[in-house]
>>> print(open('work-v1.cif').read())   # mmCIF, C-alpha atoms and all ligand atoms
data_upload
loop_
_atom_site.label_atom_id
_atom_site.label_comp_id
_atom_site.auth_asym_id
_atom_site.auth_seq_id
_atom_site.Cartn_x
_atom_site.Cartn_y
_atom_site.Cartn_z
CA MET A 122 0.00 0.00 0.00
CA ASN A 123 1.47 3.43 -0.89
CA THR A 124 1.67 6.24 1.66
CA ILE A 125 -1.28 8.23 0.21
CA SER A 126 -3.73 5.31 0.25
CA PHE A 127 -2.47 4.43 3.69
CA TYR A 128 -3.41 7.92 4.96
CA GLU A 129 -6.84 7.58 3.34
CA THR A 130 -7.43 4.21 4.97
CA HIS A 131 -6.26 5.66 8.25
CA ARG A 132 -8.72 8.61 8.06
CA ASN A 133 -11.60 6.36 7.02
CA ILE A 134 -11.01 3.97 9.90
CA ARG A 135 -10.95 6.84 12.41
CA LYS A 136 -14.14 8.36 10.94
CA HIS A 137 -15.91 4.99 11.04
CA SER A 138 -14.80 4.11 14.57
CA VAL A 139 -15.69 7.49 16.03
CA GLU A 140 -19.07 7.67 14.28
CA ASN A 141 -20.05 4.11 15.13
CA ARG A 142 -18.35 3.85 18.51
CA ASP A 143 -16.84 0.67 17.14
CA TYR A 144 -14.16 -0.70 19.48
CA VAL A 145 -12.65 -3.14 16.98
CA SER A 146 -12.15 -0.52 14.32
CA TYR A 147 -10.85 1.91 16.94
CA CYS A 148 -8.15 -0.68 17.74
CA ALA A 149 -7.45 -0.95 14.02
CA TYR A 150 -7.09 2.84 14.00
CA VAL A 151 -4.54 2.76 16.82
CA PHE A 152 -2.57 -0.02 15.09
CA ASN A 153 -2.70 2.01 11.90
CA ILE A 154 -1.08 4.96 13.63
CA ILE A 155 1.75 2.76 14.88
CA TYR A 156 2.17 1.16 11.47
CA LEU A 157 2.01 4.52 9.74
CA ARG A 158 4.73 5.90 11.96
CA LEU A 159 6.88 2.84 11.36
CA GLY A 160 6.22 3.09 7.64
CA THR A 161 7.33 6.73 7.63
CA LEU A 162 10.45 5.94 9.58
CA ASN A 163 11.18 2.93 7.42
CA LEU A 164 10.63 4.55 4.04
CA ASN A 165 14.20 3.67 3.13
CA SER A 166 14.00 0.17 4.57
CA ASN A 167 15.09 -1.35 1.26
CA THR A 168 18.42 0.38 1.47
CA MET A 169 18.80 0.14 5.24
CA GLN A 170 20.99 -2.57 6.79
CA ARG A 171 18.92 -5.24 8.49
CA VAL A 172 20.07 -7.95 10.84
CA TYR A 173 17.89 -11.04 11.08
CA PHE A 174 18.25 -12.61 14.52
CA ASP A 175 14.90 -14.43 14.54
CA ASN A 176 15.85 -17.81 13.12
CA ALA A 177 13.88 -19.77 15.73
CA ALA A 178 10.74 -18.21 14.21
CA THR A 179 11.81 -19.14 10.71
CA THR A 180 14.98 -19.31 8.64
CA PRO A 181 15.69 -17.84 5.22
CA ILE A 182 15.44 -20.49 2.52
CA SER A 183 18.86 -21.35 1.08
CA GLU A 184 19.80 -20.89 -2.58
CA GLU A 185 20.63 -24.60 -2.96
CA VAL A 186 17.15 -25.46 -1.71
CA ILE A 187 15.53 -23.03 -4.16
CA ASN A 188 17.59 -24.58 -6.96
CA ALA A 189 16.45 -28.06 -5.96
CA MET A 190 12.81 -26.92 -6.03
CA LEU A 191 12.94 -25.01 -9.32
CA PRO A 192 12.76 -27.97 -11.73
CA ILE A 193 9.63 -29.19 -9.95
CA LEU A 194 8.06 -25.71 -9.91
CA ARG A 195 8.90 -25.13 -13.55
CA GLY A 196 8.42 -28.40 -15.34
CA GLN A 197 7.42 -31.32 -13.14
CA TYR A 198 3.78 -30.45 -12.66
CA GLY A 199 2.39 -33.98 -12.58
CA ASN A 200 0.23 -35.21 -9.72
CA PRO A 201 2.27 -37.81 -7.83
CA SER A 202 -0.82 -40.04 -7.64
CA SER A 203 -1.17 -40.15 -11.45
CA ILE A 204 0.18 -43.23 -13.11
CA HIS A 205 1.34 -41.51 -16.31
CA ALA A 206 4.89 -40.33 -16.96
CA GLU A 207 4.38 -36.82 -15.49
CA GLY A 208 2.93 -38.32 -12.33
CA ARG A 209 5.59 -41.00 -12.03
CA SER A 210 8.49 -38.57 -12.26
CA VAL A 211 7.03 -36.47 -9.44
CA ARG A 212 6.25 -39.58 -7.38
CA ALA A 213 9.92 -40.56 -7.73
CA ALA A 214 10.97 -37.12 -6.39
CA VAL A 215 8.66 -37.47 -3.37
CA GLU A 216 9.86 -40.98 -2.59
CA SER A 217 13.50 -40.07 -2.90
CA ALA A 218 12.86 -37.16 -0.50
CA ARG A 219 11.20 -39.55 1.96
CA LYS A 220 14.19 -41.89 1.80
CA ALA A 221 16.60 -39.00 2.45
CA VAL A 222 14.59 -37.76 5.47
CA ALA A 223 14.31 -41.30 6.86
CA GLN A 224 18.05 -41.88 6.52
CA SER A 225 18.89 -38.62 8.26
CA ILE A 226 17.14 -39.75 11.46
CA GLY A 227 17.84 -43.49 11.22
CA ALA A 228 14.20 -44.34 10.42
CA GLY A 229 12.69 -46.71 7.89
CA THR A 230 11.37 -45.03 4.73
CA GLY A 231 7.85 -46.22 5.52
CA GLU A 232 7.96 -44.45 8.89
CA ILE A 233 8.11 -40.90 7.47
CA PHE A 234 4.94 -39.03 6.47
CA PHE A 235 4.95 -35.53 5.00
CA THR A 236 2.68 -32.93 6.58
CA SER A 237 2.13 -29.18 6.43
CA GLY A 238 4.63 -28.57 9.25
CA GLY A 239 5.29 -28.85 12.95
CA THR A 240 1.81 -27.87 14.08
CA GLU A 241 0.10 -30.57 12.04
CA SER A 242 2.66 -33.25 12.99
CA ASN A 243 2.30 -32.51 16.71
CA ASN A 244 -1.51 -32.41 16.53
CA MET A 245 -1.48 -35.67 14.59
CA ALA A 246 0.73 -37.46 17.12
CA ILE A 247 -1.23 -36.30 20.18
CA LYS A 248 -4.78 -36.54 18.86
CA CYS A 249 -4.32 -39.80 16.95
CA ALA A 250 -2.55 -41.45 19.89
CA VAL A 251 -5.71 -40.77 21.92
CA ARG A 252 -8.14 -41.73 19.18
CA ASP A 253 -6.35 -44.80 17.81
CA LEU A 254 -4.04 -46.14 20.50
CA GLY A 255 -6.28 -45.83 23.53
CA VAL A 256 -4.24 -43.17 25.33
CA GLN A 257 -6.11 -42.07 28.47
CA ARG A 258 -3.38 -40.08 30.18
CA ILE A 259 -0.89 -37.51 28.86
CA ILE A 260 2.16 -36.28 30.73
CA SER A 261 3.59 -33.05 29.37
CA SER A 262 5.09 -29.72 30.33
CA PRO A 263 3.58 -26.22 30.47
CA THR A 264 6.53 -24.94 28.41
CA GLU A 265 5.63 -26.90 25.26
CA HIS A 266 4.85 -24.99 22.07
CA HIS A 267 1.19 -23.94 21.92
CA CYS A 268 0.51 -26.47 19.18
CA GLY A 269 1.34 -29.10 21.81
CA THR A 270 -0.36 -27.59 24.85
CA HIS A 271 -3.50 -26.63 22.93
CA ALA A 272 -3.77 -30.07 21.29
CA ILE A 273 -3.46 -31.65 24.75
CA GLU A 274 -6.09 -29.30 26.20
CA ALA A 275 -8.38 -30.25 23.30
CA VAL A 276 -8.18 -34.01 24.01
CA GLU A 277 -8.59 -33.31 27.70
CA LYS A 278 -11.81 -31.43 26.98
CA VAL A 279 -13.22 -33.53 24.15
CA ASP A 280 -12.04 -37.03 25.07
CA GLY A 281 -11.72 -36.73 28.83
CA VAL A 282 -8.01 -37.54 28.77
CA GLU A 283 -6.30 -37.04 32.12
CA VAL A 284 -3.43 -34.56 31.84
CA VAL A 285 -0.42 -34.22 34.12
CA TRP A 286 1.57 -30.99 33.67
CA LEU A 287 5.04 -31.60 35.07
CA PRO A 288 6.73 -28.97 37.22
CA VAL A 289 9.67 -27.28 35.52
CA ASP A 290 12.82 -25.88 37.11
CA VAL A 291 14.17 -22.33 36.76
CA VAL A 292 15.63 -23.08 33.34
CA GLY A 293 12.37 -24.63 32.14
CA ARG A 294 13.44 -28.27 32.22
CA PRO A 295 10.74 -30.72 33.32
CA ASP A 296 11.52 -32.50 36.55
CA TYR A 297 12.56 -36.08 35.73
CA GLN A 298 11.69 -37.32 39.21
CA SER A 299 8.13 -36.04 38.81
CA LEU A 300 8.01 -37.62 35.35
CA GLU A 301 8.96 -40.98 36.81
CA SER A 302 6.41 -40.64 39.63
CA ALA A 303 3.69 -39.67 37.14
CA LEU A 304 4.58 -42.66 34.97
CA ALA A 305 4.48 -44.94 38.00
CA ASP A 306 1.06 -43.49 38.93
CA SER A 307 -0.39 -44.23 35.50
CA GLY A 308 -1.18 -47.81 36.50
CA ASP A 309 -3.18 -49.49 33.76
CA LYS A 310 -3.97 -46.24 31.98
CA LYS A 311 -2.35 -46.08 28.56
CA THR A 312 -0.03 -43.06 28.78
CA LEU A 313 1.59 -40.71 26.29
CA VAL A 314 4.54 -38.56 27.31
CA SER A 315 4.77 -35.47 25.12
CA LEU A 316 7.91 -33.41 25.73
CA MET A 317 9.71 -31.14 23.32
CA HIS A 318 13.38 -31.81 22.58
CA ALA A 319 14.27 -28.10 22.79
CA ASN A 320 12.22 -25.14 23.84
CA ASN A 321 11.76 -22.61 21.06
CA GLU A 322 11.71 -19.57 23.36
CA ILE A 323 14.51 -20.18 25.86
CA GLY A 324 16.37 -23.07 24.20
CA THR A 325 16.35 -25.48 27.17
CA MET A 326 16.70 -29.09 26.03
CA ILE A 327 15.57 -32.32 27.60
CA ASP A 328 17.63 -35.49 27.81
CA LEU A 329 15.85 -37.34 25.01
CA GLY A 330 17.57 -40.63 25.88
CA LYS A 331 16.56 -40.42 29.53
CA VAL A 332 12.91 -39.67 28.76
CA SER A 333 12.85 -42.36 26.08
CA GLY A 334 14.28 -44.86 28.61
CA LEU A 335 11.71 -43.94 31.27
CA CYS A 336 8.86 -44.30 28.77
CA ARG A 337 10.11 -47.75 27.75
CA GLN A 338 10.51 -48.77 31.40
CA TYR A 339 6.91 -47.83 32.23
CA GLY A 340 5.37 -48.89 28.91
CA ALA A 341 4.34 -45.36 27.90
CA LEU A 342 4.30 -43.90 24.40
CA PHE A 343 6.70 -41.03 23.75
CA HIS A 344 6.12 -38.07 21.43
CA SER A 345 8.78 -35.40 21.09
CA ASP A 346 8.36 -32.07 19.31
CA THR A 347 11.75 -31.93 17.60
CA VAL A 348 10.88 -28.94 15.40
CA GLN A 349 13.77 -26.83 16.77
CA THR A 350 16.33 -29.64 16.73
CA VAL A 351 15.84 -31.54 13.46
CA GLY A 352 18.67 -30.38 11.18
CA HIS A 353 20.50 -28.79 14.12
CA PHE A 354 21.35 -31.81 16.29
CA PRO A 355 21.94 -35.45 15.34
CA ILE A 356 18.75 -37.42 15.97
CA ASN A 357 18.59 -41.16 15.58
CA VAL A 358 15.43 -43.08 16.37
CA GLN A 359 17.32 -46.39 16.44
CA GLU A 360 19.54 -45.17 19.26
CA THR A 361 16.83 -43.17 21.01
CA PRO A 362 13.47 -44.81 20.44
CA VAL A 363 10.45 -42.53 20.24
CA ASN A 364 6.96 -43.26 18.97
CA PHE A 365 6.47 -39.92 17.23
CA LEU A 366 8.64 -37.00 16.34
CA SER A 367 8.06 -33.93 14.22
CA GLY A 368 10.04 -31.66 11.92
CA ALA A 369 9.37 -28.46 9.95
CA ALA A 370 11.45 -27.47 6.91
CA HIS A 371 11.34 -23.73 7.56
CA LYS A 372 13.39 -24.13 10.75
CA PHE A 373 16.41 -25.42 8.78
CA HIS A 374 16.44 -23.20 5.66
CA GLY A 375 13.74 -25.09 3.80
CA PRO A 376 10.36 -23.84 2.60
CA LYS A 377 7.43 -22.96 4.85
CA GLY A 378 4.26 -25.03 5.07
CA VAL A 379 5.90 -28.43 4.88
CA GLY A 380 7.12 -30.81 7.55
CA PHE A 381 7.10 -34.44 8.50
CA ILE A 382 6.15 -36.82 11.24
CA TYR A 383 8.05 -39.96 12.15
CA ILE A 384 5.72 -42.72 13.34
CA SER A 385 7.30 -45.85 14.79
CA PRO A 386 5.89 -49.19 13.59
CA GLU A 387 4.75 -49.86 17.20
CA SER A 388 2.29 -46.96 17.11
CA PRO A 389 -0.05 -47.61 14.16
CA ILE A 390 -2.26 -44.52 14.13
CA LYS A 391 -4.86 -43.78 11.46
CA PRO A 392 -5.05 -40.68 9.21
CA PHE A 393 -5.39 -37.28 10.83
CA ILE A 394 -6.64 -35.78 7.55
CA ASP A 395 -9.11 -38.00 5.72
CA GLY A 396 -9.13 -38.01 1.96
CA GLY A 397 -7.37 -39.87 -0.82
CA ALA A 398 -4.78 -42.58 -0.49
CA GLN A 399 -1.82 -40.20 -0.40
CA GLU A 400 1.03 -40.80 2.03
CA ARG A 401 0.17 -44.48 2.02
CA ASN A 402 -3.35 -43.75 3.25
CA MET A 403 -2.09 -41.69 6.18
CA ARG A 404 -2.77 -38.14 4.97
CA GLY A 405 -5.30 -37.20 2.33
CA GLY A 406 -4.49 -34.36 -0.09
CA THR A 407 -2.18 -33.90 -3.05
CA GLU A 408 1.35 -33.70 -1.75
CA ASN A 409 3.21 -30.38 -1.51
CA VAL A 410 5.77 -31.73 -3.95
CA TYR A 411 8.04 -28.66 -4.23
CA GLY A 412 7.95 -28.28 -0.46
CA ILE A 413 8.82 -31.93 0.11
CA VAL A 414 11.75 -31.77 -2.32
CA GLY A 415 12.92 -28.53 -0.66
CA LEU A 416 12.59 -30.06 2.81
CA ALA A 417 14.74 -33.06 1.86
CA LYS A 418 17.40 -30.87 0.25
CA ALA A 419 17.48 -28.53 3.26
CA LEU A 420 17.81 -31.47 5.65
CA GLU A 421 20.56 -33.05 3.55
CA LEU A 422 22.53 -29.76 3.65
CA ALA A 423 21.84 -29.26 7.36
CA THR A 424 23.10 -32.78 8.08
CA THR A 425 26.25 -32.65 5.96
CA GLU A 426 27.18 -29.11 7.07
CA MET A 427 26.09 -29.54 10.70
CA LYS A 428 29.57 -29.47 12.24
CA GLU A 429 30.62 -26.24 10.52
CA ARG A 430 27.26 -24.57 11.12
CA VAL A 431 27.31 -25.44 14.84
CA ALA A 432 30.83 -24.05 15.26
CA HIS A 433 29.96 -20.81 13.46
CA ILE A 434 26.63 -20.24 15.20
CA CYS A 435 28.13 -20.92 18.64
CA GLU A 436 30.80 -18.34 17.94
CA VAL A 437 28.23 -15.70 16.96
CA ARG A 438 25.97 -16.50 19.91
CA ASN A 439 28.81 -16.49 22.45
CA PHE A 440 30.09 -13.23 21.02
CA LEU A 441 26.70 -11.57 21.53
CA LYS A 442 26.53 -12.95 25.06
CA GLU A 443 30.00 -11.62 25.93
CA ARG A 444 29.32 -8.20 24.40
CA LEU A 445 26.02 -7.86 26.26
CA LEU A 446 27.62 -8.79 29.59
CA GLU A 447 30.35 -6.25 28.94
CA ILE A 448 28.02 -3.40 28.00
CA PHE A 449 24.97 -3.78 30.20
CA GLU A 450 24.64 -3.92 33.94
CA ASP A 451 22.51 -6.67 35.49
CA ILE A 452 21.87 -8.54 32.29
CA GLN A 453 20.59 -12.11 32.65
CA PHE A 454 19.85 -15.00 30.34
CA ASN A 455 16.73 -17.13 30.45
CA GLY A 456 16.99 -20.90 30.16
CA ASP A 457 19.98 -23.20 30.53
CA CYS A 458 22.10 -20.80 28.52
CA ASP A 459 25.51 -22.42 29.22
CA GLY A 460 24.19 -25.95 29.65
CA ASP A 461 22.03 -28.30 27.65
CA SER A 462 20.49 -25.76 25.34
CA LEU A 463 19.81 -24.84 21.72
CA TYR A 464 22.96 -23.15 20.42
CA THR A 465 20.74 -21.21 18.01
CA VAL A 466 18.92 -19.29 20.77
CA LEU A 467 19.98 -16.64 23.29
CA ASN A 468 17.11 -15.38 25.43
CA VAL A 469 18.23 -12.17 27.08
CA SER A 470 16.58 -10.63 30.12
CA PHE A 471 17.15 -6.85 30.35
CA PRO A 472 16.73 -5.06 33.71
CA PRO A 473 13.59 -2.97 34.25
CA ASN A 474 13.61 0.25 32.24
CA PRO A 475 10.85 2.48 30.81
CA LYS A 476 12.34 1.96 27.31
CA ASN A 477 11.77 -1.79 27.57
CA GLU A 478 8.13 -1.48 26.59
CA LEU A 479 9.00 -0.50 23.05
CA LEU A 480 12.30 -2.36 22.83
CA LEU A 481 11.28 -4.80 20.10
CA LEU A 482 9.76 -1.98 18.07
CA SER A 483 12.83 0.23 18.59
CA LEU A 484 15.10 -2.61 17.46
CA ASP A 485 12.94 -3.21 14.40
CA ILE A 486 13.14 0.48 13.49
CA ALA A 487 16.91 0.27 13.98
CA GLY A 488 17.02 -2.62 11.47
CA ILE A 489 17.08 -5.59 13.84
CA SER A 490 14.62 -8.46 13.74
CA CYS A 491 14.33 -10.52 16.88
CA SER A 492 11.42 -11.57 19.01
CA GLY A 493 9.81 -11.45 22.41
CA GLY A 494 8.89 -15.12 22.44
CA SER A 495 7.52 -17.54 19.91
CA ALA A 496 6.46 -16.05 16.57
CA CYS A 497 3.09 -17.83 16.77
CA SER A 498 2.19 -15.89 19.93
CA SER A 499 3.38 -12.51 18.77
CA GLY A 500 -0.14 -11.43 17.78
CA SER A 501 -1.57 -12.20 21.19
CA GLU A 502 -1.64 -9.80 24.11
CA LYS A 503 -0.69 -12.43 26.63
CA GLY A 504 2.90 -12.66 27.79
CA SER A 505 5.00 -15.74 27.18
CA HIS A 506 3.65 -18.90 28.83
CA VAL A 507 7.23 -20.21 28.94
CA LEU A 508 8.59 -17.22 30.87
CA GLU A 509 5.58 -17.44 33.16
CA ALA A 510 6.30 -21.13 33.82
CA ILE A 511 9.89 -20.40 34.84
CA HIS A 512 8.68 -17.46 36.97
CA ALA A 513 10.73 -14.93 35.03
CA ASP A 514 10.55 -11.44 36.58
CA PRO A 515 7.72 -9.68 34.67
CA MET A 516 9.37 -6.29 35.28
CA ARG A 517 12.36 -7.33 33.14
CA LYS A 518 12.24 -7.46 29.36
CA SER A 519 13.05 -10.73 27.61
CA ILE A 520 14.22 -10.73 24.03
CA ARG A 521 14.95 -13.86 22.03
CA PHE A 522 17.87 -13.54 19.64
CA SER A 523 18.14 -16.62 17.42
CA PHE A 524 20.84 -17.35 14.89
CA SER A 525 21.69 -19.21 11.72
CA HIS A 526 24.97 -19.89 9.92
CA TYR A 527 24.27 -16.83 7.76
CA ASN A 528 24.75 -14.49 10.75
CA THR A 529 28.09 -12.86 11.50
CA LYS A 530 30.00 -11.29 14.38
CA ALA A 531 29.82 -7.99 12.49
CA GLU A 532 26.04 -8.21 12.82
CA VAL A 533 26.47 -8.71 16.56
CA ASP A 534 28.52 -5.48 16.66
CA PHE A 535 25.71 -3.71 14.79
CA VAL A 536 23.08 -4.99 17.23
CA VAL A 537 25.14 -4.04 20.27
CA GLU A 538 25.70 -0.50 18.92
CA LYS A 539 21.96 -0.08 18.35
CA LEU A 540 21.15 -1.45 21.81
CA LYS A 541 23.65 0.96 23.35
CA ALA A 542 21.77 3.82 21.71
CA ILE A 543 18.44 2.62 23.08
CA LEU A 544 19.17 1.37 26.61
CA PRO A 545 21.33 2.70 29.44
CA VAL A 546 24.78 1.08 29.42
CA ARG A 547 27.17 0.16 32.20
CA GLU A 548 29.30 3.06 33.39
CA MET A 549 32.84 2.30 32.32
CA VAL A 550 35.31 2.91 35.15
CA GLY A 551 38.33 4.97 34.03
CA VAL A 552 36.82 5.84 30.64
C1 LIG B 1 9.03 -26.07 18.98
C2 LIG B 1 8.05 -25.78 17.88
N1 LIG B 1 7.05 -26.64 17.66
C3 LIG B 1 6.15 -26.45 16.69
C4 LIG B 1 6.22 -25.33 15.88
C5 LIG B 1 5.19 -25.15 14.81
O1 LIG B 1 5.77 -25.45 13.56
P1 LIG B 1 5.09 -24.91 12.21
O2 LIG B 1 5.31 -23.45 12.18
O3 LIG B 1 5.85 -25.62 11.11
O4 LIG B 1 3.68 -25.31 12.23
C6 LIG B 1 7.23 -24.39 16.09
C7 LIG B 1 7.29 -23.16 15.29
O5 LIG B 1 7.52 -22.08 15.80
C8 LIG B 1 8.18 -24.63 17.12
O6 LIG B 1 9.16 -23.77 17.36
#
>>> encode(input="work-v1.cif", output="structure tokens")
Amino acid sequence: MNTISFYETHRNIRKHSVENRDYVSYCAYVFNIIYLRLGTLNLNSNTMQRVYFDNAATTPISEEVINAMLPILRGQYGNPSSIHAEGRSVRAAVESARKAVAQSIGAGTGEIFFTSGGTESNNMAIKCAVRDLGVQRIISSPTEHHCGTHAIEAVEKVDGVEVVWLPVDVVGRPDYQSLESALADSGDKKTLVSLMHANNEIGTMIDLGKVSGLCRQYGALFHSDTVQTVGHFPINVQETPVNFLSGAAHKFHGPKGVGFIYISPESPIKPFIDGGAQERNMRGGTENVYGIVGLAKALELATTEMKERVAHICEVRNFLKERLLEIFEDIQFNGDCDGDSLYTVLNVSFPPNPKNELLLLSLDIAGISCSGGSACSSGSEKGSHVLEAIHADPMRKSIRFSFSHYNTKAEVDFVVEKLKAILPVREMVGV
């Protein structure tokens, strides 16, 4: 929208809301003012330097992935379910992608099903485990992604499933002792443990092997939301048995709107989306062929380049951490920052300050993209359920910086300079 039509829209909304005493459009009016101001300040945003430190929300798609998708987008338009030549060539691309994904996590090819992303995979695991495998009890954590907690709340409400929310410690890790007690208390009730491998807001990771072992010991099913770790950490379902795990391409430089679910042969659920016989009768709907090919390519690159990427990202993250500690007084980090944590995430807690309220907005205007929590919650007024669960001080401001191998230390310098201009810095003795 150009600036003139934006002003017109803005005036019309105000006129309508005032005349009709319409609260919703009055809110739209207020948002418009903010957006208008940002738009004016950002008129040169195309030429302005921007630093993208929000890779836990989504990552930029890599050139190699785009190149792998182009032949399908351009020429291979067949429906993979068609038996003619056009269909067969696309079917071959989907199946070779499935094989590549399966190999990267040590699964059988028939155990991988493509979905629209992490949300669908997690919903499928939780809801189908209740519907098809007789799960009556779910043990989970309040710090799960909302697609996990809300799916669990839905089966609690609709199917009467009993839910145990485990206590978490100050870094957001579920208490293993409580997990074991809850498993022991399950008795004859078929139980599903649903715990994310790494938290998307504060990075805290669980010991996947330990939880997997406990689930085996007590005969419970285990689902892990591995959306933030697939492509970033080695995962092998042979070494660490799980019943379900999920992945989303856009978290490892693949396209958005495509993901996968791993389903172990011991947990034969039925389709979550009814329809045709696609995905071997497990998910109706014509496959997102370009997405699937892009996902497999992105995962192949993430797996082969993992070592170099990890080293680089850790360097950038540690550099930001050191610079922040040096510049700001009383800075803290949420989660198990120096322990078992996502190396892609640094959740920073700034001391109380009147400027904190608009910190994210000020950073955005300064050319820096980061986030206050998970991207999916950014439209809601409520604060982060993860920070609430770890009893983070609500007077402090938490910002999640999250990195990819495309980020540099020079970008960290840029961010620190901008932060110094916004927030009060430590007084340097002898300067
Ligand atoms: C841990 C976690 N689980 C699930 C999701 C949802 O994935 P998608 O956006 O692919 O639906 C996200 C995305 O933010 C995530 O970080």
>>> residues_near_ligand(input="work-v1.cif", ligand="ligand LIG 1 (chain B)", cutoff="10 Å", atoms="all atoms listed in the file", output="JSON, numbers by chain")
{"A": [176, 177, 178, 179, 236, 237, 238, 239, 240, 241, 242, 243, 244, 264, 265, 266, 267, 268, 269, 317, 318, 319, 320, 321, 322, 324, 345, 346, 347, 348, 349, 350, 367, 368, 369, 370, 371, 372, 376, 377, 378, 379, 380, 381, 494, 495, 496, 497, 498]}
>>> atom_distance(input="work-v1.cif", atom1="CA of Leu342 in chain A", atom2="CA of Pro288 in chain A")
19.8 Å
>>> residues_around(input="work-v1.cif", residues="range 224-226 of chain A", least_positions_apart="3", cutoff="10 Å", atoms="all atoms listed in the file", output="number ranges by chain")
A: 218-221, 229-230, 233, 351-352, 355-360, 383, 417, 420-421, 423-425
>>> closest_residue(input="work-v1.cif", among="A:Ile486, A:Ile543, A:Val285, A:Ile448", to="Asn474 in chain A", atoms="only C-alpha atoms")
A:Ile543
>>> residues_around(input="work-v1.cif", residues="range 200-214 of chain A", least_positions_apart="3", cutoff="12 Å", atoms="only C-alpha atoms", output="number ranges by chain")
A: 189-190, 192-194, 196-197, 217-221, 397-402, 405-418
>>> atom_distance(input="work-v1.cif", atom1="CA of Val291 in chain A", atom2="CA of Ile511 in chain A")
5.1 Å
>>> build_atoms(input="work-v1.cif", residues="range 382-397 of chain A", atoms="N, CA and C atoms", output="short mmCIF file (atom, residue, chain, number, x, y, z; two decimals), in the frame of the given file")
data_model
loop_
_atom_site.label_atom_id
_atom_site.label_comp_id
_atom_site.auth_asym_id
_atom_site.auth_seq_id
_atom_site.Cartn_x
_atom_site.Cartn_y
_atom_site.Cartn_z
N ILE A 382 6.28 -36.14 9.96
CA ILE A 382 6.15 -36.82 11.24
C ILE A 382 6.79 -38.20 11.08
N TYR A 383 7.54 -38.59 12.10
CA TYR A 383 8.05 -39.96 12.15
C TYR A 383 7.07 -40.73 13.04
N ILE A 384 6.62 -41.87 12.54
CA ILE A 384 5.72 -42.72 13.34
C ILE A 384 6.36 -44.10 13.43
N SER A 385 6.64 -44.55 14.64
CA SER A 385 7.30 -45.85 14.79
C SER A 385 6.29 -46.96 14.44
N PRO A 386 6.80 -48.10 13.97
CA PRO A 386 5.89 -49.19 13.59
C PRO A 386 5.04 -49.68 14.77
N GLU A 387 5.51 -49.39 16.01
CA GLU A 387 4.75 -49.86 17.20
C GLU A 387 3.55 -48.98 17.52
N SER A 388 3.40 -47.88 16.78
CA SER A 388 2.29 -46.96 17.11
C SER A 388 1.44 -46.69 15.87
N PRO A 389 0.69 -47.71 15.43
CA PRO A 389 -0.05 -47.61 14.16
C PRO A 389 -1.30 -46.74 14.26
N ILE A 390 -1.10 -45.42 14.10
CA ILE A 390 -2.26 -44.52 14.13
C ILE A 390 -2.92 -44.47 12.75
N LYS A 391 -4.11 -43.90 12.72
CA LYS A 391 -4.86 -43.78 11.46
C LYS A 391 -4.75 -42.33 10.96
N PRO A 392 -5.27 -42.04 9.76
CA PRO A 392 -5.05 -40.68 9.21
C PRO A 392 -5.62 -39.58 10.11
N PHE A 393 -4.92 -38.47 10.12
CA PHE A 393 -5.39 -37.28 10.83
C PHE A 393 -6.26 -36.46 9.87
N ILE A 394 -5.85 -36.46 8.59
CA ILE A 394 -6.64 -35.78 7.55
C ILE A 394 -7.18 -36.86 6.62
N ASP A 395 -8.50 -36.98 6.58
CA ASP A 395 -9.11 -38.00 5.72
C ASP A 395 -9.20 -37.49 4.29
N GLY A 396 -9.06 -38.40 3.36
CA GLY A 396 -9.13 -38.01 1.96
C GLY A 396 -8.69 -39.16 1.09
N GLY A 397 -7.84 -38.84 0.11
CA GLY A 397 -7.37 -39.87 -0.82
C GLY A 397 -6.35 -40.78 -0.15
#
